[in-house]
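Q: The structure under discussion is supplied below as structure tokens; questions concerning it will follow.
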Amino acid sequence: MVRAWRANRILFLVFCLALSLLLIGLSSAGLLGPLEEVASIPLNLLTGTLNQAVLSLTGGVSDLAELQTLQQRNAALEDALADLTAELVELREIARDYERLAEMLDYAGTAANQEFVTADVISNDQTGLRRSITVNSGTRDGIAVGMPVVTAQGLVGRVLEISANASRILLVTDRDSAVSARLQGTRVQGSLRGQLSGSLRLTLVPPGESIVVGDLVLTSGLGGNFPPDIVIGQVASSRQFQFELFQEAEVISFNNFDELEVVLVMTSFEPIDPAVFDVMEN
């Protein structure tokens with residue numbers, strides 16, 4: 001049986017060789033052309049499919065590498081943008097500080113015979129009944145109770161309490177604040193008082209006096225609590241009800257009291273206490 005199986009294998013091998021030689025001869029003679037064309041169709045389709053698959057795989061690998069590169073570049077750009085944004089914010093703050101200090105310096109230069117201490121606002125309390133701010137300068141900087149506090153936009157208030165390195169400022173918008181004032185255009189005198197709402201009202205204006213909307217309101221210097229001619233604000237409206245003894249006017253300050261950051265304390269001005277003369281008379 002083994003010999004027969006081996007004999008069959010030899011015969012099959014001989015048959016295959018003979019068939020191969022025959023096909024080679026026929027192909028060389030051009031007799032197998034139509035058959036080769038028919039047989040090449042599925043082979044070409046298979047080859048095209050394999051080529052397309054290889055190209056897609058190669059393209060996918062290339063796209064993945066490019067995506068990773070783009071992700072790395074994007075992360076680097078985001079880091080650079082964050083750094084530039086932080087620098088931009090810092091530069092804007094420096095520019096704003098410079099503008100504010102330049103305004104303060106210009107104001108201090110125009111105020112004749114007055115000396116100022118520049119102070120930063122470290123607390124702003126306008127939520128309760130009291131309207132005040134706290135600054136980081138006190139007695140060691142030459143500040144005393146009663147000294148006026150201003151900005152380049154006008155009057156802020158006066159020093160109410162002090163410590164060695166801090167001062168509490170009563171704002172002109174506080175309901176307990178009263179400032180002797182006058183109108184720049186008509187020279188009309190009155191008393192500027194803060195309201196519970198945080199607004200300003202010019203009161204005790206005699207009837208018949210002219211109150212012009214848009215006129216500037218300045219400190220008058222009467223009473224000795226503030227020097228004269230400090231800008232307070234501008235007349236927004238006026239009114240006088242029947243049978244009332246005085247006129248009133250709503251005044252808008254040029255200061256935004258919610259956003260105060262730097263103020264000037266007028267250290268060269270010493271408020272006058274009229275009660276001293278009452279003691280002397282007694």
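Please note that chains go A, B, ... in the order of the structure tokens, that every chain numbers its residues from 1, and that ligands are numbered from 1 in the order shown.
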Pick out the residues sitting within 9 Å of region 195-203 of chain A, and hand them over as number ranges by chain; count only C-alpha atoms, and ignore anything fewer than 2 positions along from it in its own chain.
A: A: 126, 129-131, 172-177, 181-182, 190-193, 205-206, 217, 233, 235, 238, 246-253
Q: So the first atom is CA of Asn113 (chain A) and the second is CA of Gly214 (chain A); what is the distance between them in Å, to one decimal place?
A: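 Computing it gives 29.1 Å between the two atoms.
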Q: Can you tell me, as an NGL selection string, which residues in region 125-256 of chain A count as strand (DSSP E or B) by DSSP?
A: :A and (125 or 132-135 or 148-151 or 154-162 or 167-171 or 178-183 or 189-194 or 200-205 or 216-219 or 231-239 or 247-253)
Q: Which residues, written as an mmCIF file with C-alpha atoms, in the first residue's frame, have at least one atom at most 7 Å from Val156 (chain A), with only C-alpha atoms counted and residues fewer than 4 positions away on the same chain left out?
A:
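Final file, around25.cif:
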data_model
loop_
_atom_site.group_PDB
_atom_site.id
_atom_site.type_symbol
_atom_site.label_atom_id
_atom_site.label_comp_id
_atom_site.auth_asym_id
_atom_site.auth_seq_id
_atom_site.Cartn_x
_atom_site.Cartn_y
_atom_site.Cartn_z
ATOM 1 C CA VAL A 149 -10.082 113.165 51.101
ATOM 2 C CA VAL A 150 -10.276 113.733 47.350
ATOM 3 C CA THR A 151 -9.547 112.251 43.945
ATOM 4 C CA LEU A 171 -17.974 109.393 52.344
ATOM 5 C CA VAL A 172 -19.921 112.481 51.314
#
Q: Mind giving me the straight-line distance from CA of Gln234 (chain A) to CA of Val135 (chain A) in Å, one decimal?
A: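 Computing the Euclidean distance for CA of Gln234 (chain A) and CA of Val135 (chain A) yields 26.1 Å.
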Q: Quick one: residues within 10 Å of Leu218 (chain A), only C-alpha atoms, excluding same-chain residues fewer than 4 positions away - as a PDB file with C-alpha atoms, in the first residue's frame?
A:
ATOM      1  CA  GLY A 154     -13.601 115.603  43.252  1.00  0.00           C
ATOM      2  CA  LEU A 155     -14.428 115.329  46.939  1.00  0.00           C
ATOM      3  CA  VAL A 179     -20.697 119.817  53.440  1.00  0.00           C
ATOM      4  CA  SER A 180     -21.115 123.565  52.993  1.00  0.00           C
ATOM      5  CA  ALA A 181     -21.357 124.036  49.242  1.00  0.00           C
ATOM      6  CA  ARG A 182     -22.081 126.580  46.558  1.00  0.00           C
ATOM      7  CA  LEU A 183     -22.883 126.606  42.868  1.00  0.00           C
ATOM      8  CA  GLN A 184     -20.020 127.730  40.661  1.00  0.00           C
ATOM      9  CA  ARG A 187     -22.643 131.407  43.697  1.00  0.00           C
ATOM     10  CA  GLN A 189     -24.969 128.675  48.916  1.00  0.00           C
ATOM     11  CA  LEU A 192     -24.780 119.180  50.597  1.00  0.00           C
ATOM     12  CA  PRO A 227     -11.143 124.205  51.980  1.00  0.00           C
ATOM     13  CA  PRO A 228     -13.081 126.113  49.318  1.00  0.00           C
ATOM     14  CA  ASP A 229     -13.405 125.267  45.624  1.00  0.00           C
ATOM     15  CA  ILE A 230     -13.127 121.474  45.773  1.00  0.00           C
ATOM     16  CA  VAL A 231     -15.370 120.008  43.084  1.00  0.00           C
ATOM     17  CA  ILE A 232     -18.165 117.856  44.516  1.00  0.00           C
ATOM     18  CA  GLY A 233     -20.381 117.148  41.538  1.00  0.00           C
ATOM     19  CA  GLN A 234     -22.950 118.546  39.141  1.00  0.00           C
TER      20      GLN A 234
END
